[in-house]
Each structure stands twice: as C-alpha cells, then as structure tokens.
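Shown next: run.cif, given as mmCIF, C-alpha atoms.
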data_upload
#
loop_
_atom_site.group_PDB
_atom_site.id
_atom_site.type_symbol
_atom_site.label_atom_id
_atom_site.label_comp_id
_atom_site.auth_asym_id
_atom_site.auth_seq_id
_atom_site.Cartn_x
_atom_site.Cartn_y
_atom_site.Cartn_z
ATOM 1 C CA SER A 789 -12.802 42.382 -2.457
ATOM 2 C CA THR A 790 -10.755 39.674 -4.088
ATOM 3 C CA PRO A 791 -12.343 36.215 -4.400
ATOM 4 C CA LYS A 792 -10.775 33.611 -2.163
ATOM 5 C CA SER A 793 -8.842 31.041 -4.132
ATOM 6 C CA SER A 794 -9.992 27.510 -3.471
ATOM 7 C CA PRO A 795 -7.615 25.502 -1.311
ATOM 8 C CA PRO A 796 -5.439 23.020 -3.173
ATOM 9 C CA VAL A 797 -6.907 19.538 -3.301
ATOM 10 C CA SER A 798 -4.841 17.229 -1.151
ATOM 11 C CA THR A 799 -3.794 13.754 -2.203
ATOM 12 C CA GLU A 800 -4.558 10.878 0.152
ATOM 13 C CA ILE A 801 -2.686 7.578 -0.206
ATOM 14 C CA ARG A 802 -3.966 4.323 1.264
ATOM 15 C CA THR A 803 -2.848 0.704 1.106
ATOM 16 C CA TRP A 804 -5.063 -2.353 1.306
ATOM 17 C CA SER A 805 -3.373 -5.474 2.686
ATOM 18 C CA GLY A 806 -4.770 -8.972 2.745
ATOM 19 C CA ALA A 807 -3.841 -12.620 2.440
ATOM 20 C CA ALA A 808 -3.177 -12.155 -1.278
ATOM 21 C CA GLY A 809 -0.927 -9.123 -1.042
ATOM 22 C CA SER A 810 -1.281 -5.379 -0.998
ATOM 23 C CA VAL A 811 -2.558 -2.606 -3.264
ATOM 24 C CA THR A 812 -1.677 1.065 -2.935
ATOM 25 C CA VAL A 813 -3.703 3.849 -4.547
ATOM 26 C CA SER A 814 -3.980 7.590 -4.175
ATOM 27 C CA CYS A 815 -6.974 9.895 -4.405
ATOM 28 C CA THR A 816 -6.886 13.499 -5.475
ATOM 29 C CA GLY A 817 -10.473 14.596 -5.114
ATOM 30 C CA ARG A 818 -12.447 11.995 -7.050
ATOM 31 C CA THR A 819 -9.551 10.852 -9.217
ATOM 32 C CA VAL A 820 -8.027 7.542 -8.160
ATOM 33 C CA ARG A 821 -4.526 6.574 -9.274
ATOM 34 C CA PHE A 822 -2.815 3.213 -9.098
ATOM 35 C CA LYS A 823 0.474 3.379 -7.171
ATOM 36 C CA GLY A 824 1.478 -0.250 -6.905
ATOM 37 C CA ALA A 825 0.585 -3.802 -5.978
ATOM 38 C CA SER A 826 2.631 -6.534 -4.338
ATOM 39 C CA PRO A 827 1.504 -10.151 -4.344
ATOM 40 C CA ASN A 828 2.364 -12.373 -1.396
ATOM 41 C CA ASP A 829 4.203 -15.679 -1.870
ATOM 42 C CA GLY A 830 2.429 -17.983 -4.295
ATOM 43 C CA TRP A 831 0.103 -15.274 -5.628
ATOM 44 C CA HIS A 832 0.350 -13.362 -8.840
ATOM 45 C CA VAL A 833 -1.206 -9.996 -9.516
ATOM 46 C CA GLU A 834 -2.967 -8.643 -12.580
ATOM 47 C CA ARG A 835 -3.948 -5.062 -13.234
ATOM 48 C CA GLY A 836 -7.598 -4.817 -14.131
ATOM 49 C CA ASP A 837 -9.645 -1.922 -15.385
ATOM 50 C CA ALA A 838 -8.435 1.519 -14.438
ATOM 51 C CA SER A 839 -10.683 4.451 -15.163
ATOM 52 C CA GLY A 840 -10.750 7.895 -13.611
ATOM 53 C CA ASP A 841 -13.004 6.853 -10.759
ATOM 54 C CA SER A 842 -12.132 3.229 -10.024
ATOM 55 C CA ILE A 843 -9.247 0.788 -10.276
ATOM 56 C CA GLU A 844 -9.381 -2.990 -10.212
ATOM 57 C CA VAL A 845 -6.538 -5.302 -9.250
ATOM 58 C CA LYS A 846 -6.801 -9.077 -9.302
ATOM 59 C CA PHE A 847 -4.729 -11.541 -7.305
ATOM 60 C CA GLU A 848 -4.711 -15.223 -8.276
ATOM 61 C CA LYS A 849 -3.409 -18.326 -6.564
ATOM 62 C CA ASP A 850 -4.378 -21.850 -7.628
ATOM 63 C CA ALA A 851 -8.187 -21.694 -7.888
ATOM 64 C CA THR A 852 -8.629 -18.663 -5.654
ATOM 65 C CA GLU A 853 -9.142 -15.167 -7.002
ATOM 66 C CA VAL A 854 -9.162 -11.989 -4.952
ATOM 67 C CA GLN A 855 -10.456 -8.885 -6.692
ATOM 68 C CA VAL A 856 -9.691 -5.524 -5.111
ATOM 69 C CA ARG A 857 -11.551 -2.462 -6.350
ATOM 70 C CA ALA A 858 -10.516 1.008 -5.242
ATOM 71 C CA THR A 859 -12.642 4.133 -5.458
ATOM 72 C CA CYS A 860 -12.393 7.581 -3.911
ATOM 73 C CA VAL A 861 -14.953 8.473 -1.256
ATOM 74 C CA GLY A 862 -14.669 12.002 0.053
ATOM 75 C CA GLY A 863 -11.180 12.232 -1.406
ATOM 76 C CA VAL A 864 -9.985 9.137 0.461
ATOM 77 C CA PRO A 865 -9.325 5.716 -1.113
ATOM 78 C CA ARG A 866 -11.861 3.055 -0.224
ATOM 79 C CA PHE A 867 -11.387 -0.614 -1.081
ATOM 80 C CA GLN A 868 -13.950 -3.272 -1.899
ATOM 81 C CA VAL A 869 -12.713 -6.856 -1.918
ATOM 82 C CA GLU A 870 -14.299 -9.941 -3.425
ATOM 83 C CA THR A 871 -12.861 -13.414 -3.006
ATOM 84 C CA SER A 872 -13.982 -16.226 -5.238
ATOM 85 C CA ALA A 873 -12.815 -19.814 -5.520
ATOM 86 C CA SER A 874 -13.534 -21.996 -8.499
ATOM 87 C CA THR A 875 -14.898 -25.398 -7.579
ATOM 88 C CA ASP A 876 -13.181 -27.222 -10.423
ATOM 89 C CA ASP A 877 -10.751 -29.919 -9.326
#

Just dump the structure as structure tokens.
Amino acid sequence: STPKSSPPVSTEIRTWSGAAGSVTVSCTGRTVRFKGASPNDGWHVERGDASGDSIEVKFEKDATEVQVRATCVGGVPRFQVETSASTDD
C-alpha cells in the first residue's frame, strides 16, 4: 500500500483592528508572517521583532503606545495587545 501524503498545510490570514490601527498576519502551521499594518489618524506604526513564531508591531501616538504581538495557535493567528501610557507631561 502506498503511504498517504500529508495534506497541504493551509494558510490562515487574520487582521487585528483597534483604536490605533490594524495589523494583518498569516499563519502557515506555526510560522507567522507579517502582511501589513495601517495606523489610524494621528498614530504611527513601527515594526518590532519578527521571528518565525511571533511578530511584534508597535503603534505610537503622543504618550500612548499600543503593542500588538501575533503568534500562531493551532495554525491560526492570535493577537495579544498591550497598551501603555507614559505619565510624563
């Protein structure tokens, strides 16, 4: 009998949207890839660390910083978001 070939790994694309803007990533298995980021008015976006298993994108506006981290969970992008505001005047 011939061994069954494993099914092709599908790619899942997801977009996180928040007050700061949006981030789009794709997952193929455990590998996450950065697709794009769009800051909303008044925000600017900065690409952070991107390794094979996680991607970080930072949005900044005045003293507020929103950090979006994307990882692949079960082949699907999952986002973790941290918002921090500096207290300096």

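Excluding A:Thr871 itself and any same-chain residue fewer than 3 positions from it, the protein and nucleic acid residues within 12 Å of it, counting all atoms listed in the file, are Gly806, Ala807, Ala808, Lys846, Phe847, Glu848, Lys849, Ala851, Thr852, Glu853, Val854, Gln855, Val856, Arg857, Gln868 and Ser874 of chain A.
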
I'd like the contact shell of A:Val861 - 10 Å cut-off, all atoms listed in the file, skipping same-chain residues fewer than 3 positions apart - returned as a PyMOL selection string.
chain A and resi 815+817-820+841+858+864-867

Considering only C-alpha atoms, state which residue in the set A:Ser872, A:Ser794, A:Ser810, A:Thr859 is at the smallest distance from A:Ser842.
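That would be A:Thr859, the residue with the smallest distance to A:Ser842.
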
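Closest approach to A:Trp831 among A:Thr816, A:Cys860, A:Pro796, A:Asp850: A:Asp850, based on all atoms listed in the file.
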
Would you place a box with edges along x, y and z of the file around all atoms of stretch 833-852 of chain A listed there, add 4 Å to each of its six sides, and report the centre and edge lengths in Å to one decimal, as lines of an AutoDock Vina configuration file?
center_x = -7.1
center_y = -7.0
center_z = -10.5
size_x = 19.8
size_y = 37.7
size_z = 17.7

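When all atoms listed in the file are used to measure the gap to A:Gly840, the shortest distance among A:Thr875, A:Ser814, A:Ser805, A:Ser793 belongs to A:Ser814.
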
Between atom CA of A:Ala873 and atom CA of A:Asp829, what is the distance, to one decimal in Å?
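Here the two named atoms are 17.9 Å from each other.
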
Name all residues at most 9 Å from A:Ala825 (count all atoms listed in the file; drop same-chain ones fewer than 3 positions away) and give them as a PyMOL selection string.
chain A and resi 809-813+822+833-835+845

What is the distance, in Å and to one decimal place, between atom CA of A:Val869 and atom CA of A:Val797?
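Answer for the atom CA of A:Val869 to atom CA of A:Val797 separation: 27.1 Å.
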
Using all atoms listed in the file, pick whichever of A:Asp837, A:Ser826, A:Ser798, A:Trp804 has the shortest atom-to-atom distance to A:Gly863.
A:Ser798
